[in-house]
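The block underneath contains the structure these notes are about, expressed in structure tokens.
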Amino acid sequence: MSRTTPPARRGRDRRAETVPAAPGHARFPGAEPPRVAVVGGGIAGLAAATALAERGIAVTLHEREPVLGGRVAGWPVRLADGSTATMSRGFHAFFRQYYNLRGLLRRTDPGLTRLAALPDYPLRHRSGLTDSFARVPRTPPLSAAGFAFLSPTFGLRDLAALDARAALPLLDVRVPEVFERYDDTSAHDFLERINFPRAARHLAFEVFSRSFFTDPRHLSAAELLLMFHIYFLGSSEGLLFDVPTEPYPQGLWQPLADYLGALGVDLRTASPVDRVRPLAHGDVEVVTPGRGTERHQAVVLALDAGGLRRLVAASEHLGGPRWRADIAALRTAPPFLVSRLWLDRPVAAHRPGFLGTSGYDGLDNVSVLDRWEGEAARWAARTGGSVVELHAYAVDGDADRAGVQERMTARLHEVYPETRGARLVDVRHEWRGDCPVFPVGGWSRRPGVITPHPAVVLAGDLVRTDLPVALMERAATTGFQAANVLLARWGVAGQTLWSVPRAGRCRPLRAVARRAAR
């Protein structure tokens, strides 16, 4: 495979935008390339390492866990029946709008054959209302109109009661203006303001807001508006998504690790970094327990909020007081639970591979992994059973965890009654609490890619950027942006990025929205 950067690719949306990097040499022209430490082996760190290494930069990547992938990692477990399986932190949806993440995956899978499309993404409320995206048009504004028309949660009275003027900002979402105007409002209050139907709010927007592991009352309305733009009114890629056909390590990260190794990247797993220290002449020292102090010309910090807080606190010479205070102010969302159940009998054949749920005492979604993941499908075929995964987001930190686990399983039996008599071959519960929270009013203090030290850059889904991206795509995008900042210093051309349109798609509607905002 060529070590030059593959050409940028996009999806079906002809209005998707390219974001070119600064021009320069295709590769570092000198005999002694700069050395860069990438701290963090999740999506952001892997994207940064890829862009740098492809251009001849000497990269050392540190990941404190024994596996790559960050919050999309996986690891082997031995089940009670003696078989080996791969456990993870849970299901992730690879939306078609994730241009830069998908570009990263194309390094080892040009046709994205390791991703498979799920035919639908149904949402079910405990009351019995169910939404589906299978028949929703993908091209705006037909996408939003089609969703409203097809959804059982929208009636004529609901549509007539909407405050159209208050809803106009949905038609022209721009970054950073959307944060300047709406970051001080909660997602809950914005939906109240526009009189969005309560049933639709619980079924659709609550599901999306909880994908940020946050209660809508605590989530910035700007993030909600941004999501509406990315998935409904800003992009024609639609709301259906892809999933990996094998567990994350085998399907995604081991092939990318092999690719990076061939580029000369020094991949160090189980390698935490204790502190970094900028030096007077511009280099940066990186201190690890295993190898002591090593000198680099630059560092990419691609950590979660807690990891970044700890590292900056331990690196007393990094940044100024205000920047350090902003890092110290970063918070993580409430804990979440991922329960994976290996059952001795199949789930009913008509059940979807993924179901979003609302109103089920905190159960947020149910995945039937053997519908799409090869490893789970092979186990199910061999045993006659099934592999089911449950998610509960934003769990009260004081909750009894064993009680939550039992309640989620009980809710599964309510959602899919055929599982009530199933015997548990094995079950694994993963509790985590390291996802970033985007609170009301937090945008102004959110750190960006550039830091007070020119040789230190940040990347990750917690990092602010002026492109309309979220979740895994924000991680990949800021990883590439961090690499581009460093490459520009050395006169090397960076990675061209893709974005959903950076403004509303319809010029007349944009004009109306702007007039209403005055």
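Identifiers in this document derive from the order of the structure tokens: chains are assigned A, B, ..., residues are numbered from 1 separately in each chain, and ligands are numbered from 1 in order of occurrence.
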
Margin query: From a backbone DSSP assignment, name each residue in stretch 27-145 of chain A labelled helix (DSSP H, G or I), as an NGL selection string.
Written below: :A and (43-54 or 70-72 or 99-105 or 142-145)

Sorted by chain and rising residue number, list the residues of stretch 316-365 of chain A at most 9 Å from stretch 409-426 of chain A (counting only C-alpha atoms), each with its closest atom pair and distance in Å to one decimal, as CSV.
```
residue,atom,partner,partner_atom,distance
A:Ser339,CA,A:Thr409,CA,8.5
A:Arg340,CA,A:Asp426,CA,8.4
A:Leu341,CA,A:Asp426,CA,6.1
A:Trp342,CA,A:Asp426,CA,5.2
A:Leu343,CA,A:Leu424,CA,4.9
A:Asp344,CA,A:Arg423,CA,5.5
A:Arg345,CA,A:Ala422,CA,6.0
A:Pro346,CA,A:Thr419,CA,8.1
A:Val347,CA,A:Thr419,CA,6.7
A:Ala348,CA,A:Glu418,CA,7.0
A:Arg351,CA,A:Tyr416,CA,8.2
A:Thr357,CA,A:Val415,CA,8.8
A:Tyr360,CA,A:Arg411,CA,6.4
A:Asp361,CA,A:Arg411,CA,7.7
A:Leu363,CA,A:Arg411,CA,7.1
```

For those residues, write N, CA, C and O atoms to a file as a tab-separated table (two decimals), in the first residue's frame.
```tsv
chain	number	residue	atom	x	y	z
A	339	SER	N	-23.76	-3.53	29.36
A	339	SER	CA	-23.92	-4.93	29.75
A	339	SER	C	-24.02	-5.79	28.50
A	339	SER	O	-24.85	-5.52	27.63
A	340	ARG	N	-23.17	-6.80	28.43
A	340	ARG	CA	-23.24	-7.72	27.30
A	340	ARG	C	-23.63	-9.09	27.82
A	340	ARG	O	-23.01	-9.63	28.75
A	341	LEU	N	-24.67	-9.65	27.22
A	341	LEU	CA	-25.24	-10.92	27.66
A	341	LEU	C	-25.11	-11.96	26.56
A	341	LEU	O	-25.53	-11.72	25.41
A	342	TRP	N	-24.53	-13.08	26.90
A	342	TRP	CA	-24.50	-14.22	25.99
A	342	TRP	C	-25.63	-15.16	26.44
A	342	TRP	O	-25.59	-15.75	27.53
A	343	LEU	N	-26.68	-15.28	25.63
A	343	LEU	CA	-27.87	-16.03	25.97
A	343	LEU	C	-27.88	-17.39	25.29
A	343	LEU	O	-27.28	-17.57	24.22
A	344	ASP	N	-28.60	-18.34	25.91
A	344	ASP	CA	-28.60	-19.71	25.36
A	344	ASP	C	-29.65	-19.92	24.29
A	344	ASP	O	-29.82	-21.05	23.81
A	345	ARG	N	-30.37	-18.86	23.92
A	345	ARG	CA	-31.38	-19.00	22.86
A	345	ARG	C	-31.40	-17.72	22.03
A	345	ARG	O	-30.98	-16.66	22.50
A	346	PRO	N	-31.91	-17.78	20.82
A	346	PRO	CA	-31.89	-16.60	19.97
A	346	PRO	C	-32.94	-15.58	20.35
A	346	PRO	O	-34.00	-15.91	20.90
A	347	VAL	N	-32.65	-14.33	20.05
A	347	VAL	CA	-33.65	-13.28	20.07
A	347	VAL	C	-34.51	-13.46	18.83
A	347	VAL	O	-34.04	-13.94	17.79
A	348	ALA	N	-35.77	-13.08	18.91
A	348	ALA	CA	-36.68	-13.27	17.78
A	348	ALA	C	-36.09	-12.70	16.48
A	348	ALA	O	-35.46	-11.63	16.49
A	351	ARG	N	-36.31	-8.95	15.34
A	351	ARG	CA	-35.76	-7.86	16.13
A	351	ARG	C	-34.65	-7.15	15.35
A	351	ARG	O	-33.83	-7.79	14.69
A	357	THR	N	-34.09	3.20	22.83
A	357	THR	CA	-35.23	3.09	23.73
A	357	THR	C	-35.33	4.32	24.62
A	357	THR	O	-34.33	4.95	24.95
A	360	TYR	N	-37.66	3.55	29.59
A	360	TYR	CA	-37.47	2.23	30.20
A	360	TYR	C	-36.52	2.30	31.40
A	360	TYR	O	-35.55	1.55	31.48
A	361	ASP	N	-36.79	3.21	32.31
A	361	ASP	CA	-36.01	3.30	33.56
A	361	ASP	C	-34.51	3.43	33.32
A	361	ASP	O	-33.71	2.87	34.08
A	363	LEU	N	-32.79	2.52	30.46
A	363	LEU	CA	-32.26	1.73	29.35
A	363	LEU	C	-32.31	2.58	28.08
A	363	LEU	O	-33.38	3.01	27.66
```

Margin query: Using Å and a single decimal, report how far atom CA of A:Ala51 sits from atom CA of A:Ala257.
Written below: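 Atom-to-atom, atom CA of A:Ala257 to atom CA of A:Ala51, that is 13.5 Å.
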
Margin query: Which residue is closest to A:Tyr248? Choose from A:Leu267, A:Val67, A:Leu301, A:Ala222 and count only C-alpha atoms.
Written below: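 Looking only at the distances to A:Tyr248, the closest residue turns out to be A:Val67.
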
Could you produce a table of the residues of stretch 54-96 of chain A lying within 10 Å of stretch 372-391 of chain A, with the nearest pair of atoms per residue and their separation in Å rounded to one decimal, using only C-alpha atoms, ordered by chain and increasing residue number, as a Markdown table?
```
| residue | atom | partner | partner_atom | distance |
| --- | --- | --- | --- | --- |
| A:Asp81 | CA | A:Thr383 | CA | 9.9 |
| A:Ser83 | CA | A:Trp379 | CA | 8.6 |
| A:Thr84 | CA | A:Trp379 | CA | 9.5 |
| A:Ala85 | CA | A:Glu375 | CA | 7.4 |
| A:Thr86 | CA | A:Glu375 | CA | 8.0 |
| A:Arg89 | CA | A:His391 | CA | 9.7 |
| A:Gly90 | CA | A:Glu389 | CA | 7.5 |
| A:Phe91 | CA | A:Glu389 | CA | 7.9 |
```

Taking a cut-off of 10 Å and counting only C-alpha atoms, can you build a table that, for each residue of stretch 289-367 of chain A near stretch 108-130 of chain A, reports the nearest atom pair and how far apart they are in Å (one decimal), sorted by chain then residue number, as a Markdown table?
```
| residue | atom | partner | partner_atom | distance |
| --- | --- | --- | --- | --- |
| A:Pro352 | CA | A:Asp120 | CA | 7.4 |
| A:Gly353 | CA | A:Leu118 | CA | 7.1 |
| A:Phe354 | CA | A:Tyr121 | CA | 6.3 |
| A:Leu355 | CA | A:Pro122 | CA | 5.4 |
| A:Gly356 | CA | A:Leu123 | CA | 4.5 |
| A:Thr357 | CA | A:Arg124 | CA | 4.9 |
| A:Ser358 | CA | A:His125 | CA | 4.7 |
| A:Gly359 | CA | A:Arg126 | CA | 5.2 |
| A:Tyr360 | CA | A:Arg126 | CA | 6.0 |
| A:Asp361 | CA | A:Arg126 | CA | 9.4 |
| A:Asp364 | CA | A:Leu123 | CA | 9.7 |
| A:Asn365 | CA | A:Leu123 | CA | 8.6 |
```

Please dump the current selection as a PDB file, in the first residue's frame; keep N, CA and C atoms.
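Output file selection.pdb is given in full below:
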```pdb
ATOM      1  N   PRO A 352     -34.585  -5.811  15.442  1.00  0.00           N
ATOM      2  CA  PRO A 352     -33.542  -5.074  14.708  1.00  0.00           C
ATOM      3  C   PRO A 352     -32.180  -5.272  15.363  1.00  0.00           C
ATOM      4  N   GLY A 353     -31.145  -5.000  14.602  1.00  0.00           N
ATOM      5  CA  GLY A 353     -29.798  -5.090  15.155  1.00  0.00           C
ATOM      6  C   GLY A 353     -29.539  -4.047  16.220  1.00  0.00           C
ATOM      7  N   PHE A 354     -30.202  -2.898  16.095  1.00  0.00           N
ATOM      8  CA  PHE A 354     -30.037  -1.827  17.081  1.00  0.00           C
ATOM      9  C   PHE A 354     -31.386  -1.173  17.306  1.00  0.00           C
ATOM     10  N   LEU A 355     -31.715  -0.954  18.572  1.00  0.00           N
ATOM     11  CA  LEU A 355     -32.969  -0.313  18.940  1.00  0.00           C
ATOM     12  C   LEU A 355     -32.684   0.754  19.984  1.00  0.00           C
ATOM     13  N   GLY A 356     -33.034   2.016  19.678  1.00  0.00           N
ATOM     14  CA  GLY A 356     -32.975   3.069  20.676  1.00  0.00           C
ATOM     15  C   GLY A 356     -34.231   3.034  21.521  1.00  0.00           C
ATOM     16  N   THR A 357     -34.091   3.201  22.825  1.00  0.00           N
ATOM     17  CA  THR A 357     -35.231   3.088  23.730  1.00  0.00           C
ATOM     18  C   THR A 357     -35.330   4.316  24.620  1.00  0.00           C
ATOM     19  N   SER A 358     -36.550   4.631  25.021  1.00  0.00           N
ATOM     20  CA  SER A 358     -36.794   5.766  25.907  1.00  0.00           C
ATOM     21  C   SER A 358     -37.942   5.406  26.839  1.00  0.00           C
ATOM     22  N   GLY A 359     -37.830   5.843  28.091  1.00  0.00           N
ATOM     23  CA  GLY A 359     -38.875   5.586  29.058  1.00  0.00           C
ATOM     24  C   GLY A 359     -38.756   4.261  29.778  1.00  0.00           C
ATOM     25  N   TYR A 360     -37.663   3.545  29.593  1.00  0.00           N
ATOM     26  CA  TYR A 360     -37.475   2.233  30.202  1.00  0.00           C
ATOM     27  C   TYR A 360     -36.521   2.304  31.400  1.00  0.00           C
ATOM     28  N   ASP A 361     -36.786   3.215  32.306  1.00  0.00           N
ATOM     29  CA  ASP A 361     -36.011   3.299  33.558  1.00  0.00           C
ATOM     30  C   ASP A 361     -34.513   3.430  33.324  1.00  0.00           C
ATOM     31  N   ASP A 364     -31.145   2.815  27.463  1.00  0.00           N
ATOM     32  CA  ASP A 364     -31.079   3.725  26.319  1.00  0.00           C
ATOM     33  C   ASP A 364     -31.051   3.029  24.972  1.00  0.00           C
ATOM     34  N   ASN A 365     -30.529   1.819  24.904  1.00  0.00           N
ATOM     35  CA  ASN A 365     -30.607   1.086  23.642  1.00  0.00           C
ATOM     36  C   ASN A 365     -30.287  -0.380  23.865  1.00  0.00           C
TER      37      ASN A 365
END
```

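Taking only C-alpha atoms, the non-local environment of stretch 186-199 of chain A within 6 Å (same-chain residues fewer than 5 positions away omitted) comprises A:Thr153, A:Asp158, A:Leu162, A:Asp163, A:Ala166, A:Ala167, A:Pro216, A:Arg217, A:Leu219, A:Ser220, A:Ala221, A:Val440.
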
Store the residues of this selection in a file with all heavy atoms, as a PDB file, in the first residue's frame.
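This is the output file result.pdb:
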```
ATOM      1  N   THR A 153     -45.267  10.593  16.477  1.00  0.00           N
ATOM      2  CA  THR A 153     -45.213  11.588  17.555  1.00  0.00           C
ATOM      3  C   THR A 153     -45.570  12.986  17.075  1.00  0.00           C
ATOM      4  O   THR A 153     -45.658  13.904  17.891  1.00  0.00           O
ATOM      5  CB  THR A 153     -43.815  11.617  18.181  1.00  0.00           C
ATOM      6  OG1 THR A 153     -42.857  11.990  17.178  1.00  0.00           O
ATOM      7  CG2 THR A 153     -43.445  10.256  18.743  1.00  0.00           C
ATOM      8  N   ASP A 158     -49.636  19.314  16.793  1.00  0.00           N
ATOM      9  CA  ASP A 158     -48.258  19.536  17.220  1.00  0.00           C
ATOM     10  C   ASP A 158     -47.532  20.470  16.257  1.00  0.00           C
ATOM     11  O   ASP A 158     -46.819  21.393  16.673  1.00  0.00           O
ATOM     12  CB  ASP A 158     -47.508  18.204  17.294  1.00  0.00           C
ATOM     13  CG  ASP A 158     -48.087  17.278  18.344  1.00  0.00           C
ATOM     14  OD1 ASP A 158     -48.414  17.768  19.442  1.00  0.00           O
ATOM     15  OD2 ASP A 158     -48.211  16.078  18.057  1.00  0.00           O
ATOM     16  N   LEU A 162     -46.011  24.469  16.978  1.00  0.00           N
ATOM     17  CA  LEU A 162     -44.584  24.804  16.969  1.00  0.00           C
ATOM     18  C   LEU A 162     -44.391  26.313  16.842  1.00  0.00           C
ATOM     19  O   LEU A 162     -45.074  26.970  16.042  1.00  0.00           O
ATOM     20  CB  LEU A 162     -43.871  24.105  15.812  1.00  0.00           C
ATOM     21  CG  LEU A 162     -43.487  22.638  15.989  1.00  0.00           C
ATOM     22  CD1 LEU A 162     -42.944  22.098  14.683  1.00  0.00           C
ATOM     23  CD2 LEU A 162     -42.455  22.482  17.096  1.00  0.00           C
ATOM     24  N   ASP A 163     -43.461  26.861  17.593  1.00  0.00           N
ATOM     25  CA  ASP A 163     -43.104  28.269  17.477  1.00  0.00           C
ATOM     26  C   ASP A 163     -42.087  28.391  16.349  1.00  0.00           C
ATOM     27  O   ASP A 163     -40.884  28.188  16.555  1.00  0.00           O
ATOM     28  CB  ASP A 163     -42.527  28.778  18.791  1.00  0.00           C
ATOM     29  CG  ASP A 163     -42.287  30.282  18.784  1.00  0.00           C
ATOM     30  OD1 ASP A 163     -42.077  30.849  17.699  1.00  0.00           O
ATOM     31  OD2 ASP A 163     -42.307  30.883  19.876  1.00  0.00           O
ATOM     32  N   ALA A 166     -39.092  30.799  16.819  1.00  0.00           N
ATOM     33  CA  ALA A 166     -38.075  30.315  17.760  1.00  0.00           C
ATOM     34  C   ALA A 166     -37.278  29.156  17.174  1.00  0.00           C
ATOM     35  O   ALA A 166     -36.122  28.934  17.569  1.00  0.00           O
ATOM     36  CB  ALA A 166     -38.728  29.894  19.069  1.00  0.00           C
ATOM     37  N   ALA A 167     -37.882  28.410  16.222  1.00  0.00           N
ATOM     38  CA  ALA A 167     -37.196  27.265  15.626  1.00  0.00           C
ATOM     39  C   ALA A 167     -36.314  27.646  14.452  1.00  0.00           C
ATOM     40  O   ALA A 167     -35.565  26.800  13.956  1.00  0.00           O
ATOM     41  CB  ALA A 167     -38.227  26.229  15.179  1.00  0.00           C
ATOM     42  N   PRO A 216     -30.665  16.118  28.940  1.00  0.00           N
ATOM     43  CA  PRO A 216     -30.898  17.317  28.117  1.00  0.00           C
ATOM     44  C   PRO A 216     -30.921  18.619  28.914  1.00  0.00           C
ATOM     45  O   PRO A 216     -30.634  19.674  28.356  1.00  0.00           O
ATOM     46  CB  PRO A 216     -32.260  17.032  27.469  1.00  0.00           C
ATOM     47  CG  PRO A 216     -32.388  15.544  27.472  1.00  0.00           C
ATOM     48  CD  PRO A 216     -31.691  15.075  28.716  1.00  0.00           C
ATOM     49  N   ARG A 217     -31.235  18.555  30.193  1.00  0.00           N
ATOM     50  CA  ARG A 217     -31.246  19.777  31.012  1.00  0.00           C
ATOM     51  C   ARG A 217     -29.840  20.306  31.256  1.00  0.00           C
ATOM     52  O   ARG A 217     -29.665  21.466  31.627  1.00  0.00           O
ATOM     53  CB  ARG A 217     -31.948  19.516  32.348  1.00  0.00           C
ATOM     54  CG  ARG A 217     -33.440  19.272  32.235  1.00  0.00           C
ATOM     55  CD  ARG A 217     -34.045  18.847  33.554  1.00  0.00           C
ATOM     56  NE  ARG A 217     -35.495  18.687  33.459  1.00  0.00           N
ATOM     57  CZ  ARG A 217     -36.091  17.624  32.947  1.00  0.00           C
ATOM     58  NH1 ARG A 217     -35.353  16.622  32.485  1.00  0.00           N
ATOM     59  NH2 ARG A 217     -37.407  17.548  32.873  1.00  0.00           N
ATOM     60  N   LEU A 219     -27.238  19.699  28.917  1.00  0.00           N
ATOM     61  CA  LEU A 219     -26.520  19.750  27.641  1.00  0.00           C
ATOM     62  C   LEU A 219     -26.735  21.096  26.979  1.00  0.00           C
ATOM     63  O   LEU A 219     -27.854  21.609  26.919  1.00  0.00           O
ATOM     64  CB  LEU A 219     -27.018  18.634  26.716  1.00  0.00           C
ATOM     65  CG  LEU A 219     -26.458  18.610  25.297  1.00  0.00           C
ATOM     66  CD1 LEU A 219     -24.990  18.237  25.309  1.00  0.00           C
ATOM     67  CD2 LEU A 219     -27.251  17.629  24.430  1.00  0.00           C
ATOM     68  N   SER A 220     -25.672  21.674  26.440  1.00  0.00           N
ATOM     69  CA  SER A 220     -25.771  22.939  25.720  1.00  0.00           C
ATOM     70  C   SER A 220     -26.712  22.799  24.528  1.00  0.00           C
ATOM     71  O   SER A 220     -26.623  21.848  23.746  1.00  0.00           O
ATOM     72  CB  SER A 220     -24.382  23.361  25.230  1.00  0.00           C
ATOM     73  OG  SER A 220     -24.472  24.370  24.257  1.00  0.00           O
ATOM     74  N   ALA A 221     -27.607  23.774  24.378  1.00  0.00           N
ATOM     75  CA  ALA A 221     -28.505  23.781  23.217  1.00  0.00           C
ATOM     76  C   ALA A 221     -27.716  23.896  21.922  1.00  0.00           C
ATOM     77  O   ALA A 221     -28.160  23.409  20.871  1.00  0.00           O
ATOM     78  CB  ALA A 221     -29.502  24.930  23.333  1.00  0.00           C
ATOM     79  N   VAL A 440     -24.040  23.568  29.661  1.00  0.00           N
ATOM     80  CA  VAL A 440     -24.550  24.894  29.314  1.00  0.00           C
ATOM     81  C   VAL A 440     -23.495  25.927  29.698  1.00  0.00           C
ATOM     82  O   VAL A 440     -22.989  25.938  30.822  1.00  0.00           O
ATOM     83  CB  VAL A 440     -25.873  25.170  30.052  1.00  0.00           C
ATOM     84  CG1 VAL A 440     -26.377  26.572  29.739  1.00  0.00           C
ATOM     85  CG2 VAL A 440     -26.915  24.119  29.686  1.00  0.00           C
TER      86      VAL A 440
END
```

Checklist line | Separation of atom CA of A:Gly24 from atom CA of A:Val276, in Å and rounded to one decimal | finding: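 Taking atom CA of A:Gly24 as the start and atom CA of A:Val276 as the end point, the length is 28.7 Å.
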
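The closest residue to A:Leu458, picked from A:Phe480, A:Phe179, A:Phe228, A:Tyr99 and counting only C-alpha atoms, is A:Phe480.
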
Notebook entry, point to check: What does the distance between atom CA of A:Val173 and atom CA of A:Ile450 come to in Å, to one decimal place?
Noted result: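 Distance between the two atoms: 23.9 Å.
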
Check: Using only C-alpha atoms, which residue out of A:Pro247, A:Gly479, A:Gly70, A:Gly82 lies closest to A:Gly42?
Finding: A:Gly70

Next item on the list: Counting only C-alpha atoms, figure out which residue out of A:Glu65, A:Glu285, A:Glu406, A:Glu237 gets nearest to A:Ala16.
Entry: A:Glu237

Notebook entry, point to check: Skipping near chain neighbours, those fewer than 2 positions away, what residues fall within 7 Å of A:Met87 using only C-alpha atoms, listed as a list in words?
Noted result: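 So, after excluding close chain neighbours, the residues are Gly74, Trp75, Pro76, Val77 and Ala85 of chain A.
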
Check: Could you pull out all residues of stretch 216-455 of chain A with a DSSP call of strand (DSSP E or B) and give them as a count of residues only?
Finding: 70

Notebook entry, point to check: Hey, which of A:His62, A:Arg309, A:Arg102, A:Arg291 ends up closest to A:Phe241? Count only C-alpha atoms.
Noted result: A:Arg102

Next item on the list: Find the residues around A:Arg324 up to 12 Å (only C-alpha atoms counted), leave out those fewer than 3 positions away in its own chain, and share them as a ChimeraX atom specification.
Entry: /A:308-321,327-330,445-447,451-453

Polymer residues at most 12 Å from A:Gly11, only C-alpha atoms, same-chain spacing of 4 or more positions, as a PDB file with N, CA and C atoms, in the first residue's frame:
```pdb
ATOM      1  N   ARG A  15     -22.801  18.585  -1.635  1.00  0.00           N
ATOM      2  CA  ARG A  15     -22.467  19.864  -1.016  1.00  0.00           C
ATOM      3  C   ARG A  15     -21.497  19.719   0.148  1.00  0.00           C
ATOM      4  N   ALA A  16     -21.040  18.513   0.396  1.00  0.00           N
ATOM      5  CA  ALA A  16     -20.014  18.346   1.422  1.00  0.00           C
ATOM      6  C   ALA A  16     -18.796  19.181   1.035  1.00  0.00           C
ATOM      7  N   GLU A  17     -18.162  19.792   2.012  1.00  0.00           N
ATOM      8  CA  GLU A  17     -17.102  20.763   1.759  1.00  0.00           C
ATOM      9  C   GLU A  17     -15.725  20.191   2.061  1.00  0.00           C
ATOM     10  N   PHE A  95     -21.691   6.876  11.322  1.00  0.00           N
ATOM     11  CA  PHE A  95     -22.563   7.585  10.396  1.00  0.00           C
ATOM     12  C   PHE A  95     -21.825   7.934   9.110  1.00  0.00           C
ATOM     13  N   ARG A  96     -22.572   8.111   8.039  1.00  0.00           N
ATOM     14  CA  ARG A  96     -21.975   8.427   6.734  1.00  0.00           C
ATOM     15  C   ARG A  96     -21.427   9.849   6.706  1.00  0.00           C
ATOM     16  N   GLN A  97     -21.851  10.699   7.672  1.00  0.00           N
ATOM     17  CA  GLN A  97     -21.307  12.052   7.768  1.00  0.00           C
ATOM     18  C   GLN A  97     -19.908  12.067   8.382  1.00  0.00           C
ATOM     19  N   TYR A  98     -19.431  10.954   8.853  1.00  0.00           N
ATOM     20  CA  TYR A  98     -18.117  10.906   9.506  1.00  0.00           C
ATOM     21  C   TYR A  98     -17.026  10.771   8.450  1.00  0.00           C
ATOM     22  N   TYR A  99     -16.897  11.817   7.647  1.00  0.00           N
ATOM     23  CA  TYR A  99     -15.985  11.769   6.504  1.00  0.00           C
ATOM     24  C   TYR A  99     -14.535  11.527   6.912  1.00  0.00           C
ATOM     25  N   ASN A 100     -14.073  12.220   7.943  1.00  0.00           N
ATOM     26  CA  ASN A 100     -12.654  12.132   8.297  1.00  0.00           C
ATOM     27  C   ASN A 100     -12.336  10.842   9.044  1.00  0.00           C
ATOM     28  N   ARG A 102     -13.966   8.040   8.517  1.00  0.00           N
ATOM     29  CA  ARG A 102     -14.009   7.025   7.475  1.00  0.00           C
ATOM     30  C   ARG A 102     -12.773   7.116   6.574  1.00  0.00           C
ATOM     31  N   GLY A 103     -12.272   8.333   6.380  1.00  0.00           N
ATOM     32  CA  GLY A 103     -11.022   8.477   5.642  1.00  0.00           C
ATOM     33  C   GLY A 103      -9.862   7.811   6.356  1.00  0.00           C
ATOM     34  N   GLY A 111     -12.358   0.328   0.434  1.00  0.00           N
ATOM     35  CA  GLY A 111     -13.773   0.238   0.108  1.00  0.00           C
ATOM     36  C   GLY A 111     -14.683   0.189   1.315  1.00  0.00           C
ATOM     37  N   LEU A 112     -14.106   0.341   2.514  1.00  0.00           N
ATOM     38  CA  LEU A 112     -14.867   0.255   3.763  1.00  0.00           C
ATOM     39  C   LEU A 112     -15.694  -1.028   3.825  1.00  0.00           C
ATOM     40  N   SER A 235     -26.992  17.941   6.066  1.00  0.00           N
ATOM     41  CA  SER A 235     -26.335  16.886   5.295  1.00  0.00           C
ATOM     42  C   SER A 235     -27.365  15.995   4.634  1.00  0.00           C
ATOM     43  N   SER A 236     -27.024  15.498   3.454  1.00  0.00           N
ATOM     44  CA  SER A 236     -27.916  14.558   2.764  1.00  0.00           C
ATOM     45  C   SER A 236     -27.430  13.116   2.901  1.00  0.00           C
ATOM     46  N   GLU A 237     -26.569  12.855   3.894  1.00  0.00           N
ATOM     47  CA  GLU A 237     -26.113  11.482   4.109  1.00  0.00           C
ATOM     48  C   GLU A 237     -27.165  10.654   4.845  1.00  0.00           C
ATOM     49  N   GLY A 238     -28.089  11.311   5.535  1.00  0.00           N
ATOM     50  CA  GLY A 238     -29.162  10.599   6.207  1.00  0.00           C
ATOM     51  C   GLY A 238     -28.799  10.178   7.620  1.00  0.00           C
ATOM     52  N   TRP A 498     -12.760  16.901   5.249  1.00  0.00           N
ATOM     53  CA  TRP A 498     -14.100  17.032   4.698  1.00  0.00           C
ATOM     54  C   TRP A 498     -15.054  17.432   5.802  1.00  0.00           C
ATOM     55  N   SER A 499     -16.106  18.122   5.433  1.00  0.00           N
ATOM     56  CA  SER A 499     -17.090  18.555   6.406  1.00  0.00           C
ATOM     57  C   SER A 499     -18.466  18.556   5.773  1.00  0.00           C
ATOM     58  N   VAL A 500     -19.495  18.301   6.587  1.00  0.00           N
ATOM     59  CA  VAL A 500     -20.837  18.605   6.120  1.00  0.00           C
ATOM     60  C   VAL A 500     -20.874  20.106   5.845  1.00  0.00           C
TER      61      VAL A 500
END
```

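Neighbouring residues of A:Val457 at 9 Å or closer, counting only C-alpha atoms and skipping chain neighbours under 6 positions away, are Ala298, Val299, Val300, Leu301, Ala302, Gly448, Val449, Ile450, Thr451, Ala482, Ala483, Val485 and Leu486 of chain A.
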
Checklist line | Pick from A:Ile43, A:Val437, A:Val284, A:Ala134 nearest to A:Leu101, counting only C-alpha atoms | finding: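 Using only C-alpha atoms, the shortest distance to A:Leu101 belongs to A:Ile43.
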